[in-house]
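Novice: Sharing a structure below in structure tokens format, with a few things to ask.
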Amino acid sequence: MSAFVGEVTEAELLARIFPRLPAPDGVLLGPGDDAAILAAPDGRTVLSIDTLVEDHDFRLLRPNGHRTTGYDVGWKCAAQNLSDINAMGGRATSLVVSLTLPPSTPVAWVEELADGLTAAIRELGATGCGVVGGDLGAGAQLVVTAAVTGSLEGREPVLRSGAQPGDIIAVTGTPGRAAAGLALLEDGRPLEDFGGAREELAAAQLRPRPPLALGPAAAVAGASAMLDVSDGLIRDAGRIAAASGVTLDLDPEALRPYAVPLEETAALLGLDAMEWVLGGGEDHGLLATFPRRALLPAGFTAVGSVVPGEPLVTLASQAAALRGWDHFAH
Ligand SMILES: [Mg+2]
């Protein structure tokens with residue numbers, strides 16, 4: 001068996017990848033033709049695309065010696081795309097994946113990537129979603145792009161622009177964990193130096209777990225605005241503030257519980273856990289606003305309120321120094 005991508009034909013590589021990928025429900029025509037055909041019972045299609053570039057969005061070898069596996073990259077690629085459909089209140093229906101591969105890429109790495117895509121789709125609960133096609137090409141750098149389709153299932157989408165003064169701000173998941181994981185991976189010391197639990201923090205960065213049931217649940221509960229936290233709470237809250245023309249006032253005391261479990265790691269690195277919570281991205285939890293009369297779906301925690309004013313983010317009514325969080329920007 002050939003070990004490297006440069007030694008196999010496209011057809012051979014596809015034959016190695018496709019059996020590893022899940023088929024979607026509602027597919028009228030799957031891989032094998034020039035394009036796939038999907039049913040769209042809702043009459044509308046939610047569509048998004050996301051790219052991971054080697055040395056920009058991931059590194060094959062981290063400073064701490066961690067080797068990024070194809071599985072990690074496949075998982076993250078699927079998770080980010082599925083998260084964007086979740087953030088609209090939709091359910092993902094299909095992915096198409098484009099791979100640009102240096103000829104020296106091991107075929108096994110590409111097979112692992114397929115396994116990571118499949119595992120994320122299944123384990124995150126993207127029921128019915130599958131991979132319907134894609135593209136393979138050669139290039140100097142590894143690039144993994146996926147486009148995702150989703151269904152609103154008859155609901156209205158939840159946009160960034162609907163937050164109203166008086167609304168409650170709520171989050172899901174564990175903001176700051178992926179940033180803590182990134183700090184560990186970027187540190188020169190091996191993960192083992194930080195003890196066993198640190199593997200979980202690294203996993204939060206390498207294999208994020210967007211809460212795919214909660215986007216639709218938020219839409220049903222009447223969320224007025226929503227997005228997934230990809231660039232940090234403050235930066236992403238700023239996007240809702242800008243789109244809605246309101247001030248989002250985050251309550252640091254409500255956010256502090258997310259920092260507490262990260263404090264020991266932060267101290268070892270000489271960093272600030274609260275900064276991870278407020279500025280760290282890539283957790284792919286949801287940040288949403290709800291009318292005060294709405295019942296927050298289980299899994300959401302209230303962390304602030306929407307107030308009239310300039311489109312910006314404040315912390316307990318203190319203007320957040322947005323500059324300070326920009327070092328997390330890609
Ligand atoms: Mg997003």
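Identifiers for the structure tokens are assigned positionally: chains receive A, B, ... in sequence, residues are indexed from 1 per chain, and ligands are indexed from 1 in the order shown.
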Produce as a list in words the set of residues near ligand 1, where near means within 6 Å with only C-alpha atoms and all ligand atoms considered.
Specialist: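 So, counting only C-alpha atoms and all ligand atoms, the residues near ligand 1 are Asp84, Leu227 and Asp228 of chain A.
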Novice: How would the residues just chosen look if you wrote them out with N, CA and C atoms as an mmCIF file, in the first residue's frame?
Specialist:
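Saved file part-v3.cif follows:
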data_model
loop_
_atom_site.group_PDB
_atom_site.id
_atom_site.type_symbol
_atom_site.label_atom_id
_atom_site.label_comp_id
_atom_site.auth_asym_id
_atom_site.auth_seq_id
_atom_site.Cartn_x
_atom_site.Cartn_y
_atom_site.Cartn_z
ATOM 1 N N ASP A 84 -21.676 26.626 12.972
ATOM 2 C CA ASP A 84 -22.258 27.802 12.309
ATOM 3 C C ASP A 84 -23.730 27.579 11.959
ATOM 4 N N LEU A 227 -25.022 33.775 18.134
ATOM 5 C CA LEU A 227 -23.888 33.361 17.314
ATOM 6 C C LEU A 227 -23.092 32.333 18.101
ATOM 7 N N ASP A 228 -22.137 31.710 17.426
ATOM 8 C CA ASP A 228 -21.278 30.783 18.160
ATOM 9 C C ASP A 228 -19.987 31.503 18.497
#
Novice: List the neighbours of A:Ala218 out to 7 Å using only C-alpha atoms; skip same-chain residues closer than 5 positions along the sequence, and give me the result as a list in words.
Specialist: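 Everything that qualifies: Gly89, Ala223 and Pro297 of chain A.
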Novice: Would you mind telling me which residue in A:Gln164, A:Thr289, A:Thr45, A:Thr301 lies nearest to A:Thr93 when using only C-alpha atoms?
Specialist: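 Using only C-alpha atoms, A:Thr93 sits closest to A:Thr45.
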Novice: Env of stretch 21-30 of chain A: 10 Å cut, atoms = only C-alpha atoms, seq-sep filter 4 positions within chain, self excluded. Answer as a PyMOL selection string.
Specialist: chain A and resi 17+34-41+92-95+111+113-119+121-122+126-133
Novice: Near A:Leu255, counting only C-alpha atoms, which residues have an atom at most 9 Å away, once you skip same-chain residues fewer than 4 positions from it, shown as a list in words?
Specialist: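 Contacts, in chain order: Pro175, Leu250, Asp251, Ala259, Met274, Val277, Leu278 and Val303 of chain A.
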Novice: For the structure I just gave you, how does DSSP split stretch 3-168 of chain A - specifically, which residues are strand (DSSP E)? Reply as a ChimeraX atom specification.
Specialist: /A:27-29,37-38,46-53,91-101,130-138,143-151,168
Novice: Do you know which residues are at most 9 Å from stretch 142-149 of chain A counting only C-alpha atoms, after dropping those on the same chain fewer than 3 positions away, and could you put them as a compact mmCIF listing (two decimals) with N, CA and C atoms, in the first residue's frame?
Specialist:
# COMPACT_ATOMS: atom_id res chain seq x y z
N THR A 45 -32.34 26.84 2.46
CA THR A 45 -31.12 26.13 2.82
C THR A 45 -30.20 27.08 3.57
N VAL A 46 -29.73 26.69 4.74
CA VAL A 46 -28.71 27.45 5.47
C VAL A 46 -27.37 26.98 4.93
N LEU A 47 -26.47 27.91 4.64
CA LEU A 47 -25.23 27.54 3.96
C LEU A 47 -24.05 28.30 4.57
N SER A 48 -22.97 27.59 4.83
CA SER A 48 -21.78 28.26 5.36
C SER A 48 -20.54 27.49 4.91
N ILE A 49 -19.39 28.12 5.07
CA ILE A 49 -18.12 27.48 4.65
C ILE A 49 -17.02 27.91 5.59
N ASP A 50 -16.05 27.05 5.79
CA ASP A 50 -14.98 27.32 6.73
C ASP A 50 -13.70 26.64 6.26
N THR A 51 -12.58 27.30 6.42
CA THR A 51 -11.31 26.77 5.94
C THR A 51 -10.30 26.70 7.07
N LEU A 52 -9.53 25.62 7.09
CA LEU A 52 -8.40 25.49 8.02
C LEU A 52 -7.12 25.39 7.19
N VAL A 53 -6.18 26.28 7.46
CA VAL A 53 -4.93 26.32 6.71
C VAL A 53 -3.77 25.95 7.64
N GLU A 54 -2.94 25.05 7.17
CA GLU A 54 -1.75 24.64 7.93
C GLU A 54 -0.89 25.86 8.29
N ASP A 55 -0.40 25.88 9.49
CA ASP A 55 0.46 26.93 10.02
C ASP A 55 -0.26 28.25 10.29
N VAL A 73 -7.78 17.51 12.93
CA VAL A 73 -8.12 18.51 11.92
C VAL A 73 -9.50 18.20 11.32
N GLY A 74 -9.78 16.91 11.07
CA GLY A 74 -11.09 16.52 10.55
C GLY A 74 -12.20 16.86 11.52
N CYS A 77 -12.67 20.70 11.70
CA CYS A 77 -13.29 21.19 10.47
C CYS A 77 -14.80 20.94 10.52
N ALA A 78 -15.19 19.72 10.88
CA ALA A 78 -16.63 19.42 10.97
C ALA A 78 -17.28 20.24 12.07
N ASN A 81 -17.94 23.95 11.21
CA ASN A 81 -19.02 24.11 10.23
C ASN A 81 -20.38 23.78 10.84
N LEU A 82 -20.46 22.69 11.58
CA LEU A 82 -21.73 22.31 12.22
C LEU A 82 -22.16 23.40 13.19
N ASP A 84 -21.68 26.63 12.97
CA ASP A 84 -22.26 27.80 12.31
C ASP A 84 -23.73 27.58 11.96
N ILE A 85 -24.10 26.36 11.60
CA ILE A 85 -25.52 26.06 11.34
C ILE A 85 -26.29 26.11 12.67
N ARG A 91 -30.29 22.84 11.78
CA ARG A 91 -29.64 21.53 11.90
C ARG A 91 -28.90 21.25 10.61
N ALA A 92 -27.65 20.81 10.75
CA ALA A 92 -26.83 20.53 9.57
C ALA A 92 -27.38 19.33 8.81
N THR A 93 -27.34 19.43 7.48
CA THR A 93 -27.84 18.33 6.66
C THR A 93 -26.74 17.66 5.83
N SER A 94 -25.72 18.44 5.42
CA SER A 94 -24.65 17.82 4.63
C SER A 94 -23.38 18.65 4.68
N LEU A 95 -22.27 17.99 4.40
CA LEU A 95 -20.97 18.67 4.26
C LEU A 95 -20.38 18.29 2.91
N VAL A 96 -19.70 19.24 2.26
CA VAL A 96 -18.79 18.91 1.17
C VAL A 96 -17.40 19.38 1.59
N VAL A 97 -16.40 18.59 1.31
CA VAL A 97 -15.07 18.82 1.87
C VAL A 97 -14.04 18.90 0.75
N SER A 98 -13.24 19.95 0.77
CA SER A 98 -12.17 20.12 -0.21
C SER A 98 -10.83 20.02 0.50
N LEU A 99 -9.95 19.16 -0.01
CA LEU A 99 -8.64 18.96 0.60
C LEU A 99 -7.55 19.35 -0.37
N THR A 100 -6.66 20.24 0.06
CA THR A 100 -5.44 20.52 -0.69
C THR A 100 -4.31 19.85 0.08
N LEU A 101 -3.61 18.92 -0.59
CA LEU A 101 -2.66 18.06 0.12
C LEU A 101 -1.28 18.12 -0.52
N PRO A 102 -0.24 18.42 0.27
CA PRO A 102 1.12 18.26 -0.25
C PRO A 102 1.34 16.78 -0.58
N THR A 105 2.06 14.18 2.11
CA THR A 105 1.10 13.85 3.17
C THR A 105 0.89 12.34 3.22
N CYS A 129 -26.78 14.22 9.18
CA CYS A 129 -25.79 14.93 8.36
C CYS A 129 -24.73 13.95 7.87
N GLY A 134 -16.91 16.37 -2.49
CA GLY A 134 -15.78 17.24 -2.19
C GLY A 134 -14.83 17.30 -3.35
N ALA A 138 -3.63 19.00 -5.14
CA ALA A 138 -2.27 19.05 -4.60
C ALA A 138 -1.89 20.51 -4.36
N GLY A 139 -1.05 20.74 -3.36
CA GLY A 139 -0.60 22.09 -3.08
C GLY A 139 0.57 22.04 -2.12
Novice: Would you mind writing down, as JSON, numbers by chain, each residue of stretch 65-107 of chain A that DSSP on the backbone assigns to alpha helix (DSSP H)?
Specialist: {"A": [70, 71, 72, 73, 74, 75, 76, 77, 78, 79, 80, 81, 82, 83, 84, 85, 86, 87, 107]}
Novice: Please indicate the distance in Å from atom CA of A:Leu182 to atom CA of A:Asn64, rounded to one decimal place.
Specialist: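 Interatomic distance, atom CA of A:Leu182 to atom CA of A:Asn64: 10.7 Å.
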Novice: Taking only C-alpha atoms into account, name the residue in A:Val229, A:Leu271, A:Val171, A:Ala316 that is nearest to A:Glu253.
Specialist: A:Ala316
Novice: So that I can check the surroundings of A:Met226, please list as a short mmCIF file (atom, residue, chain, number, x, y, z; two decimals) with C-alpha atoms, in the first residue's frame every protein, DNA and RNA residue that reaches within 8 Å of it, counting only C-alpha atoms and ignoring chain neighbours fewer than 5 positions away.
Specialist:
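Below is the file result.cif, written as the result:
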data_model
loop_
_atom_site.label_atom_id
_atom_site.label_comp_id
_atom_site.auth_asym_id
_atom_site.auth_seq_id
_atom_site.Cartn_x
_atom_site.Cartn_y
_atom_site.Cartn_z
CA ALA A 87 -25.72 29.29 15.64
CA MET A 88 -28.53 30.08 13.18
CA VAL A 158 -31.84 33.48 14.82
CA LEU A 159 -29.76 36.41 13.54
CA ARG A 160 -27.17 38.63 15.23
CA ILE A 240 -24.26 41.15 18.34
CA LEU A 286 -23.40 29.69 21.86
CA LEU A 287 -23.85 33.31 22.93
CA ALA A 288 -27.49 34.33 22.69
CA THR A 289 -29.93 36.94 23.90
#
